[in-house]
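Here is the structure we will look at.
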Amino acid sequence: MPVRTALSDAAERAMRSTLLMLSHRKALGRLATQLPVTRPMVRRFVCAETLEDALPAIRALHDDGLRTTVDVLGESVTVEADARAAAERYGVVLDALAANDLDRNVSLKPTQMGLGIDPGLARETVGGIVARAVELGAFIRIDMEDHSTTDRTLELWRDVRPAGWRDGGADVGVVIQSALRRSDADVAALVAEGARVRLCKGAYKEPARVAWQDKADVDAAYERLMLHLMREGRQPALATHDVRLIKRAIEVATTEGIAKDAFEFQMLYGVRRDIQDQLVRAGWRVRTYVPFGSQWYPYFMRRLAERPANVSFILRNLWRERGRG
Ligand code: FDA
């Protein structure tokens, strides 16, 4: 590798680690969420702070042919009452999506539901949301957080999955991260259980003992797991903006006769909207992950870490704001 490339790779990795480390600093998060100057930049990735403002944004995506999954921002909850309040908010969101004839599809974080306090509490809170989803015929996706939560999250998913999924009733899906070394085994088990899996690369800083550290290894694992899920899985969701992997999925679906409605692409709100629209125009299913809420700090920092060029975008904006002030 040329010296310049090696240096810029190292700088990018260092920047990514720093941003992910800062994403855990709660005091910094409190400060950032109070600064008006950050708001317009956050808006690129977070559609709104309130449900009332999020609904028209979700409608606009539907009007453009995109499906949606809604995330009420929040995570790493340490107080039981906060976990219960978050679960209640999800109930309100599901009702609002149904009342407005929007996709009844939400994504939630286990530690937002109290997994870090007590797995029994998370079973109760997520179980309550799933009960409402069964009534509304909605789909719940349990997001995957860092590797310390993987086993407990898969257990939670097994505990709350409604029995009626086999007869076409509401279902609950999970997420697998190609960065984790364990994911081949997890995908094999989940395929055997008829699970609906979303495959992503993984947004957390993980140690080498559990996760691939080189991007090339993470990408190779993604391709391998993606092909497994496309060939043998149930309605997999391919969550990536990686154009090479998206083209590979299309090539495999086309040559192997995998129907366009047998899987879907998923992408984040504010990221590669151009590709999202192109795929919809070509007749592929695309679902946008739409986060809203005031607790956007850790989510926003992970988005910055994914593409360090985003940081210079932020700095340019801050500079411009300063010029106006
Ligand atoms: P990669 O990082 O290689 O990026 C490919 C290209 O996409 C980049 O070159 C750039 O053009 C663009 N891009 C990617 N991220 C960008 C950003 N933030 N800003 C601007 N451009 C960007 N993770 C997790 O650990 N648990 C989870 O539950 C989920 N859930 C989830 C749902 C959905 C719908 C998506 C799309 C992603 C997730 N993720 C996630 C995040 C995921 O693990 C990963 O961190 C990001 O998707 C970035 O990885 P890519 O696959 O896009 O590839």
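Following the order of the structure tokens, chains are lettered A, B, ..., residues in each are numbered from 1, and ligands are numbered from 1.
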
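Using only C-alpha atoms and all ligand atoms, residues with at least one atom at most 7 Å away from any atom of ligand 1 are A:Asp143, A:Met144, A:Glu145, A:Asp146, A:Val175, A:Gln177, A:Cys200, A:Lys201, A:Gly202, A:Ala203, A:Tyr204, A:Ala239, A:Thr240, A:His241, A:Asp242, A:Val243, A:Gln266, A:Met267, A:Leu268, A:Val271, A:Arg272, A:Thr288, A:Tyr289, A:Arg303, A:Leu304, A:Ala305, A:Glu306, A:Arg307, A:Asn310.
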
Please, could you write that set of residues out with C-alpha atoms as a PDB file, in the first residue's frame?
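Generated output (out-v7.pdb):
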```pdb
ATOM      1  CA  ASP A 143     -31.774  -3.426  16.346  1.00  0.00           C
ATOM      2  CA  MET A 144     -28.413  -4.897  17.349  1.00  0.00           C
ATOM      3  CA  GLU A 145     -26.070  -2.921  19.610  1.00  0.00           C
ATOM      4  CA  ASP A 146     -22.475  -3.702  20.605  1.00  0.00           C
ATOM      5  CA  VAL A 175     -30.170  -7.752  13.086  1.00  0.00           C
ATOM      6  CA  GLN A 177     -23.547  -7.521  12.000  1.00  0.00           C
ATOM      7  CA  CYS A 200     -25.603  -4.720   8.401  1.00  0.00           C
ATOM      8  CA  LYS A 201     -21.852  -4.238   8.756  1.00  0.00           C
ATOM      9  CA  GLY A 202     -21.981  -3.035  12.384  1.00  0.00           C
ATOM     10  CA  ALA A 203     -21.745   0.500  13.729  1.00  0.00           C
ATOM     11  CA  TYR A 204     -19.879  -0.072  17.004  1.00  0.00           C
ATOM     12  CA  ALA A 239     -28.921  -2.844   5.071  1.00  0.00           C
ATOM     13  CA  THR A 240     -26.018  -1.186   3.302  1.00  0.00           C
ATOM     14  CA  HIS A 241     -25.108   1.800   1.144  1.00  0.00           C
ATOM     15  CA  ASP A 242     -22.158  -0.087  -0.318  1.00  0.00           C
ATOM     16  CA  VAL A 243     -22.686   0.093  -4.068  1.00  0.00           C
ATOM     17  CA  GLN A 266     -32.532  -0.885   3.596  1.00  0.00           C
ATOM     18  CA  MET A 267     -30.742   2.441   3.940  1.00  0.00           C
ATOM     19  CA  LEU A 268     -30.541   5.238   6.453  1.00  0.00           C
ATOM     20  CA  VAL A 271     -27.617   8.665   3.316  1.00  0.00           C
ATOM     21  CA  ARG A 272     -27.347   7.916  -0.421  1.00  0.00           C
ATOM     22  CA  THR A 288     -35.563   3.830   4.701  1.00  0.00           C
ATOM     23  CA  TYR A 289     -34.653   3.767   8.390  1.00  0.00           C
ATOM     24  CA  ARG A 303     -23.207   8.433  11.438  1.00  0.00           C
ATOM     25  CA  LEU A 304     -20.239  10.810  11.579  1.00  0.00           C
ATOM     26  CA  ALA A 305     -17.914   7.907  12.391  1.00  0.00           C
ATOM     27  CA  GLU A 306     -19.107   5.925   9.379  1.00  0.00           C
ATOM     28  CA  ARG A 307     -17.839   8.552   7.024  1.00  0.00           C
ATOM     29  CA  ASN A 310     -19.057  14.042   7.287  1.00  0.00           C
TER      30      ASN A 310
END
```

- Query: In region 181-294 of chain A, what's alpha helix (DSSP H) per DSSP? Answer as a ChimeraX atom specification?
  - Reply: /A:183-192,215-232,243-256,273-281

- Item | Which of A:Ala14, A:Leu94, A:Ala179, A:Leu154 sits closest to Ile140 (chain A) [using only C-alpha atoms] |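 Selected residue with least distance to Ile140 (chain A): A:Leu94.
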
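Between Asp171 (chain A) and the candidates A:Gly91, A:Gly127, A:Pro207, A:Pro40, the tightest atom-to-atom separation, counting only C-alpha atoms, involves A:Gly127.
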